[in-house]
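Asker: Dropping a structure here in structure tokens format, bear with me for questions.
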Protein chains: 2
Amino acid sequence: MKVADLSTPALVVDTQGMYANLDAMTAALPGARLRPHVKAHKCTSLASEQAARGHRAFTCATPGEVVGMARAGIADDLLLANECVDPTRLRAIADCGGRVTVAVDSEATIAAAAANGVHDVLIDVSVGMPRCGCAPDEAGRLADLARASGLGVRGVMGYEGHVVGIADREKRVAMTAASMEMLAEAVALVGGDVISAGGTGTYDINAYATEIQAGSYALMDNAYAELALPFRRSLAIVATVIHSESTHAVADCGLKANSMDHGNPTIDGAAVWFCSDEHVTFAPSEPVDIGERVLVWPAHVDPTIAQHERMQLADGPGLDATVIDTWPVDLRGWDI
Amino acid sequence: MKVADLSTPALVVDTQGMYANLDAMTAALPGARLRPHVKAHKCTSLASEQAARGHRAFTCATPGEVVGMARAGIADDLLLANECVDPTRLRAIADCGGRVTVAVDSEATIAAAAANGVHDVLIDVSVGMPRCGCAPDEAGRLADLARASGLGVRGVMGYEGHVVGIADREKRVAMTAASMEMLAEAVALVGGDVISAGGTGTYDINAYATEIQAGSYALMDNAYAELALPFRRSLAIVATVIHSESTHAVADCGLKANSMDHGNPTIDGAAVWFCSDEHVTFAPSEPVDIGERVLVWPAHVDPTIAQHERMQLADGPGLDATVIDTWPVDLRGWDI
């Protein structure tokens, strides 16, 4: 079956692009230098490809992702890079059968981890983005508290999420340095041998972290494509044109199939006007026929994938590529 | 179990609000005057409540919604209010066991319907929103073509989607009138006894349509709440505070649990700063504790529900309400 023969809307992966991306990242950050983030793709089959390239440690955003990875047998070193105070879920990840490390950034998160069977933690440090993470000068006190609570403290985490998407490389370099200066203050206070940080946008900039938590590089999206990284967009949604007139056309990929948090998707050779629940309205430069397929390129890969049950794997780019496999998006949702 | 005891993030319905909304709409548009749109909630359990109030005809946006409604036994009169040229899916809805009517707006969509077992169609007319629908003066020709192709033409559909969300009522009234003038031109050319149009924002304005395709009224959202309609917001996402400091707090309801196409969600007594994949960062007016629950109010109900596997039903509003039932969001996705 060709990509153009799929029922639509359907997530399609250009495997040539994906494998090139995986290989390029592994060459740049071999083995333990990369801790791939599964929240970007929520797919244990894709994680297996990353593991096969020598990356045995993974980053997760939800307890469900941790447990799902363990069920898939990829459990050498799973980091929940997020705070959690849910006893049931903490117990589930502690008992998942793999080595699990949990981010903590407060007395409450340390107490929850210690009370529910978690063995190892990282002290999560705020390095400039107003989200989770303690102040750098609080990290030592929290590490002491964690150790006193019976937890192993492997080191620190400090995600420069406000930096990874900045298009200007010089600015990324400068802001990453500023963030890692903040993290260094915490490292000195916490100890341990793990300094976990970074993302696709700083994978070759953040030389301070011992491991980079990149995820988007595997499939990329329009937002990251603006950064001129050596990774190519390898994920699109194939859609069918269901309406065509002189001014515009409509295809069946709307905002339920394509996340809008980073803005409209794009369609090559067309100007996208807007998305509705099940429609994308666009002005093509050349007329399109009803029934014709188009590829819709999402602005943000992570939440777009999370809207789909599966991804179709094609043997190359474009609508004429052959569908060679199907991977379930098995880490979606919040169940354990 | 209380709402505050749910694992988070979780969709929560205030059933007092929902039933009040359902009853208010049924009082305003009894029986066949309302053709509830299931795309808003994607839930056959909720559709059953609408059917129990006397609405036997439903609107669907995808073939999967049509087939799912038929499987649930709610199949007296299902309208696919959307164009489709997929032979397999058209055949599936034609064979679903219910009465099915399909929107058509072109020679291609008529040919696809006729070739794949569809019996009845509505001529979909563009009434001002640049999406699907033929020009009003084309509707007669297409109706003739449909009848010549062996299809029954029940009438017209013309959704004033560019009007339903306008906050100013006078402007909604004027623009609805303009749209229905366009639809009237088509009605004169097409015949039939169905004039299907409208939405929650024009349910009491569009007196021209014989049936109103409203869906959002059942649960509402922040966008529709600005219209001062007699329906109340009855759907929120319960989230757990996982980080709290002097400037801001973070809860575990991000943009994978809350659709961002209409902007940020809200949290009562707080200013929402931004959403990440699994986080909402907000500044509460009063300090919140880690572990505390908050209700996150989505800007747009339809795609937010589609991000969840189920909705939890509570016996009233707020975090202290008791969870009394769980409804699967069984119409999500695009499978049949």
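All residue names refer to the structure tokens as shown: chains lettered A, B, ... in order, residues numbered from 1 in each chain, ligands numbered from 1 in order.
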Hey, what's within 8 Å of B:Val163 if we count only C-alpha atoms and toss same-chain stuff fewer than 2 positions away? As a ChimeraX atom specification, please?
Answerer: /B:160-161,165-166,172,175-176,201-202
Asker: Please return, as JSON, numbers by chain, all residues of stretch 20-171 of chain A that DSSP assigns to strand (DSSP E) on the basis of the backbone.
Answerer: {"A": [57, 58, 59, 60, 77, 78, 79, 80, 100, 101, 102, 103, 104, 120, 121, 122, 123, 124, 152, 153, 154, 155, 156, 157]}
Asker: May I have all residues of stretch 29-242 of chain B that DSSP, computed from the backbone, assigns to alpha helix (DSSP H), given as a PyMOL selection string?
Answerer: chain B and resi 44-52+63-71+87-94+107-115+139-148+169-190+222-225
Asker: Can you write just those residues out, C-alpha atoms, as a compact mmCIF listing (two decimals), in the first residue's frame?
Answerer:
```txt
# COMPACT_ATOMS: atom_id res chain seq x y z
CA THR B 44 -22.43 7.70 22.88
CA SER B 45 -23.43 7.70 26.56
CA LEU B 46 -23.96 11.44 26.37
CA ALA B 47 -25.74 11.05 23.04
CA SER B 48 -28.09 8.58 24.72
CA GLU B 49 -29.06 11.29 27.20
CA GLN B 50 -29.81 13.61 24.31
CA ALA B 51 -31.84 10.89 22.58
CA ALA B 52 -33.75 10.21 25.79
CA PRO B 63 -17.66 8.23 9.35
CA GLY B 64 -16.36 6.68 12.56
CA GLU B 65 -18.82 8.76 14.58
CA VAL B 66 -21.66 7.54 12.34
CA VAL B 67 -20.73 3.89 12.73
CA GLY B 68 -20.13 4.29 16.46
CA MET B 69 -23.56 5.83 16.95
CA ALA B 70 -25.14 2.99 15.00
CA ARG B 71 -23.32 0.42 17.11
CA PRO B 87 -15.24 4.22 -0.66
CA THR B 88 -14.57 1.94 2.31
CA ARG B 89 -15.88 4.40 4.84
CA LEU B 90 -18.88 5.40 2.75
CA ARG B 91 -19.74 1.73 2.37
CA ALA B 92 -19.33 1.24 6.13
CA ILE B 93 -21.72 4.03 7.00
CA ALA B 94 -24.17 2.94 4.31
CA GLU B 107 -19.81 16.12 -8.48
CA ALA B 108 -17.04 14.05 -6.91
CA THR B 109 -18.73 13.70 -3.53
CA ILE B 110 -22.05 12.84 -5.19
CA ALA B 111 -20.38 10.20 -7.35
CA ALA B 112 -18.64 8.69 -4.33
CA ALA B 113 -21.88 8.55 -2.33
CA ALA B 114 -23.83 7.03 -5.21
CA ALA B 115 -21.15 4.43 -5.93
CA ALA B 139 -27.07 23.75 -5.29
CA GLY B 140 -29.87 23.08 -7.74
CA ARG B 141 -27.60 21.59 -10.35
CA LEU B 142 -25.98 19.33 -7.75
CA ALA B 143 -29.37 18.25 -6.39
CA ASP B 144 -30.44 17.30 -9.89
CA LEU B 145 -27.21 15.39 -10.38
CA ALA B 146 -27.67 13.59 -7.07
CA ARG B 147 -31.23 12.57 -7.93
CA ALA B 148 -30.12 11.47 -11.38
CA ARG B 169 -25.42 39.01 19.86
CA GLU B 170 -26.64 41.71 17.48
CA LYS B 171 -23.81 40.88 15.14
CA ARG B 172 -24.66 37.17 15.40
CA VAL B 173 -28.25 37.94 14.53
CA ALA B 174 -27.32 40.03 11.50
CA MET B 175 -24.74 37.59 10.20
CA THR B 176 -27.01 34.59 10.71
CA ALA B 177 -29.67 36.37 8.69
CA ALA B 178 -27.18 37.00 5.91
CA SER B 179 -26.08 33.37 5.92
CA MET B 180 -29.64 32.07 5.88
CA GLU B 181 -30.44 34.36 2.94
CA MET B 182 -27.72 32.53 1.06
CA LEU B 183 -29.12 29.20 2.18
CA ALA B 184 -32.63 30.23 1.14
CA GLU B 185 -31.42 30.68 -2.41
CA ALA B 186 -30.28 27.06 -2.35
CA VAL B 187 -33.44 25.81 -0.67
CA ALA B 188 -35.51 27.20 -3.53
CA LEU B 189 -33.37 25.31 -6.01
CA VAL B 190 -32.96 22.02 -4.13
CA ASN B 222 -14.56 29.19 27.90
CA ALA B 223 -15.00 30.40 24.33
CA TYR B 224 -18.75 29.78 24.28
CA ALA B 225 -19.09 31.03 27.86
```
Asker: Between atom CA of A:Thr210 and atom CA of A:His119, what is the distance in Å, rounded to a tenth?
Answerer: 20.9 Å
Asker: What's around stretch 282-285 of chain A at 7 Å? Count only C-alpha atoms, leave out sequence neighbours fewer than 3 positions away in its own chain, and write the answer as a PyMOL selection string.
Answerer: chain A and resi 247-250+269-273
Asker: If we count only C-alpha atoms and set the cut-off at 12 Å, which residues sit around B:Val329, ignoring sequence neighbours fewer than 2 positions away in its own chain? Please answer as number ranges by chain.
Answerer: B: 11, 38-47, 65, 68-69, 302-312, 326-327, 331-333
Asker: Counting only C-alpha atoms, which residues from chain A have an atom at most 7 Å from any atom of chain B, and could you show them as a JSON list (two decimals) with C-alpha atoms, in the first residue's frame?
Answerer:
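As written to disk, result-v2.json reads:
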```json
[["chain", "number", "residue", "atom", "x", "y", "z"],
["A", 83, "GLU", "CA", 7.36, 15.84, 39.52],
["A", 84, "CYS", "CA", 4.78, 13.38, 40.84],
["A", 85, "VAL", "CA", 3.02, 13.12, 44.19],
["A", 108, "ALA", "CA", 6.66, 17.29, 49.21],
["A", 131, "ARG", "CA", 7.95, 25.74, 35.51],
["A", 132, "CYS", "CA", 9.20, 23.08, 37.91],
["A", 242, "ILE", "CA", -12.68, 16.71, 0.17],
["A", 243, "HIS", "CA", -13.49, 20.11, -1.31],
["A", 250, "VAL", "CA", -10.25, 21.60, 2.22],
["A", 256, "LYS", "CA", -8.11, 16.92, 16.30],
["A", 260, "MET", "CA", -2.37, 23.84, 17.16],
["A", 261, "ASP", "CA", -0.32, 24.99, 20.18],
["A", 277, "ASP", "CA", -12.07, 20.17, 14.19],
["A", 281, "THR", "CA", -8.71, 25.01, 4.76],
["A", 290, "ILE", "CA", -11.13, 16.12, -4.72],
["A", 291, "GLY", "CA", -9.79, 12.77, -3.59],
["A", 303, "PRO", "CA", 1.09, 16.69, 20.98],
["A", 306, "ALA", "CA", -0.43, 12.05, 21.07],
["A", 307, "GLN", "CA", -3.65, 12.65, 19.11]]
```
